[in-house]
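Below you'll find the structure, written out as structure tokens, and then a few comments.
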Amino acid sequence: MEGFRRSFGFPALAAVLIFAAIMLPEVAAVRYIVGANMGWTTNVNYTIWAQGKHFYNGDWLFFVYDRNQMNVLEVNQTNYESCNTDHPLHNWTTGAGRDVVPLNMTKTRYFVSGKGFCYGGMKVAIHTEKTPPPPSSSPIRSSSPTLLSNFRSHLFVPALFAVAAAWDSFLLLL
């Protein structure tokens with residue numbers, strides 16, 4: 001068993017990981033620092049910051065701010081528009097000035113800073129969308145296999161395992 005592990009352990013694992021990385025679509029959540037390099041502070045137009053960004057289920061908002069002055073409150077649309085922070089839906093403030101909000105609902109969410117900062121523009125509306133489906137492969141135009149499909153299925157995978165086995169043999173010689 002030890003010889004099997006030495007011969008096939010690491011290279012086989014590496015080959016499987018490389019194969020998975022190549023063949024599986026990339027899906028990753030994005031962590032947005034609200035306000036980018038300015039953070040959650042005054043004199044930033046958060047409407048402009050959010051424009052053009054697509055926020056998806058599974059993404060995260062990261063609020064970075066002066067913990068002694070600001071906070072992060074989630075409010076409804078009416079309170080967002082009027083900067084009313086008396087009855088927030090959720091207080092995301094942890095006291096560290098580094099608050100993370102998971103975007104796990106498909107809807108528009110409204111975030112403001114209380115203590116009067118909302119009136120100065122410290123508010124942002126974030127519309128969270130469903131995660132887009134992975135890109136579909138283009139339809140095959142011919143029933144006969146193409147050179148690319150032959151390469152991928154008949155040459156690439158066996159070649160990958162052959163390289164891994166050769167590498168393992170080389171390591172055993174050292």
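Naming works like this for the structure tokens: A, B, ... for the chains as they're shown, residue 1 at the start of each chain, ligands 1 onward in shown order.
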Can you pull out every residue within 8 Å of Val101 in chain A, counting only C-alpha atoms, but drop anything in the same chain fewer than 5 positions away, and send it as a list in words?
Trp60, Leu61, Phe62 and Trp92 of chain A
Find the residues around range 46-57 of chain A up to 9 Å (only C-alpha atoms counted), leave out those fewer than 6 positions away in its own chain, and share them as a PyMOL selection string.
chain A and resi 29-30+32+34-36+40+102-106+121-132
Can I get the selected residues back with N, CA and C atoms, as a compact mmCIF listing (two decimals), in the first residue's frame?
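Done, and the output landed in again_10.txt:
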```txt
# COMPACT_ATOMS: atom_id res chain seq x y z
N ALA A 29 -17.92 33.89 -4.86
CA ALA A 29 -18.57 35.06 -4.29
C ALA A 29 -17.58 36.21 -4.31
N VAL A 30 -18.12 37.41 -4.38
CA VAL A 30 -17.29 38.61 -4.41
C VAL A 30 -17.50 39.38 -3.12
N TYR A 32 -17.26 42.97 -1.71
CA TYR A 32 -17.17 44.37 -2.10
C TYR A 32 -16.85 45.23 -0.89
N VAL A 34 -17.37 48.53 0.49
CA VAL A 34 -18.28 49.63 0.17
C VAL A 34 -17.49 50.93 0.15
N GLY A 35 -17.55 51.62 -1.00
CA GLY A 35 -16.79 52.85 -1.18
C GLY A 35 -15.38 52.62 -1.66
N ALA A 36 -15.04 51.38 -1.97
CA ALA A 36 -13.70 51.00 -2.45
C ALA A 36 -12.62 51.51 -1.49
N TRP A 40 -16.44 53.44 4.10
CA TRP A 40 -17.75 53.95 4.52
C TRP A 40 -17.49 55.23 5.29
N PRO A 102 -23.79 39.73 4.52
CA PRO A 102 -23.98 38.74 3.44
C PRO A 102 -25.17 39.15 2.57
N LEU A 103 -24.98 39.07 1.28
CA LEU A 103 -26.08 39.33 0.35
C LEU A 103 -26.71 37.98 0.01
N ASN A 104 -27.73 37.62 0.77
CA ASN A 104 -28.32 36.29 0.63
C ASN A 104 -29.80 36.33 0.28
N MET A 105 -30.29 37.49 -0.16
CA MET A 105 -31.69 37.62 -0.56
C MET A 105 -31.73 38.40 -1.87
N THR A 106 -32.54 37.95 -2.79
CA THR A 106 -32.70 38.64 -4.07
C THR A 106 -33.71 39.76 -3.87
N GLY A 121 -24.97 61.99 2.85
CA GLY A 121 -24.79 61.08 1.73
C GLY A 121 -24.31 59.69 2.08
N MET A 122 -24.15 59.39 3.36
CA MET A 122 -23.70 58.05 3.72
C MET A 122 -24.87 57.08 3.71
N LYS A 123 -25.24 56.70 2.48
CA LYS A 123 -26.29 55.72 2.29
C LYS A 123 -26.09 55.07 0.93
N VAL A 124 -26.50 53.82 0.85
CA VAL A 124 -26.35 53.09 -0.41
C VAL A 124 -27.48 52.08 -0.54
N ALA A 125 -28.01 51.99 -1.75
CA ALA A 125 -29.02 50.98 -2.09
C ALA A 125 -28.33 49.91 -2.93
N ILE A 126 -28.50 48.67 -2.53
CA ILE A 126 -27.85 47.55 -3.20
C ILE A 126 -28.92 46.59 -3.70
N HIS A 127 -28.95 46.39 -5.02
CA HIS A 127 -29.90 45.43 -5.60
C HIS A 127 -29.17 44.11 -5.80
N THR A 128 -29.63 43.09 -5.10
CA THR A 128 -29.01 41.77 -5.20
C THR A 128 -29.79 40.93 -6.21
N GLU A 129 -29.06 40.33 -7.14
CA GLU A 129 -29.65 39.53 -8.20
C GLU A 129 -29.38 38.05 -7.95
N LYS A 130 -30.16 37.21 -8.63
CA LYS A 130 -29.89 35.78 -8.60
C LYS A 130 -28.55 35.53 -9.30
N THR A 131 -27.86 34.53 -8.84
CA THR A 131 -26.59 34.16 -9.47
C THR A 131 -26.87 33.72 -10.89
N PRO A 132 -26.12 34.25 -11.87
CA PRO A 132 -26.37 33.86 -13.25
C PRO A 132 -26.00 32.40 -13.48
```
Which value, in Å to one decimal, gives the distance between CA of Asn79 in chain A and CA of Gly58 in chain A?
25.5 Å
Given the choices A:Met38, A:Pro135, A:Val100, A:Leu73, which gets closest to His87 in chain A if the distance is worked out from only C-alpha atoms?
A:Leu73
Excluding Gln69 in chain A and residues on its chain fewer than 2 positions from it, collect all residues at most 12 Å away from it, counting only C-alpha atoms, and give them as a ChimeraX atom specification.
/A:40-42,64-67,71-72,93,95-97,113-117
Please give the complete set of residues from range 83-139 of chain A that DSSP, run on the backbone, assigns to strand (DSSP E or B), formatted as an MDAnalysis selection string.
chainID A and resid 90:91 98:102 108:112 123:129
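Compared by their closest atoms to Phe63 in chain A, and using only C-alpha atoms, the residues A:Ile33, A:Leu89, A:Ala28, A:Val75 rank with A:Ile33 nearest.
Reported to one decimal place, the separation of CA of Asn43 in chain A from CA of Pro88 in chain A is 22.9 Å.
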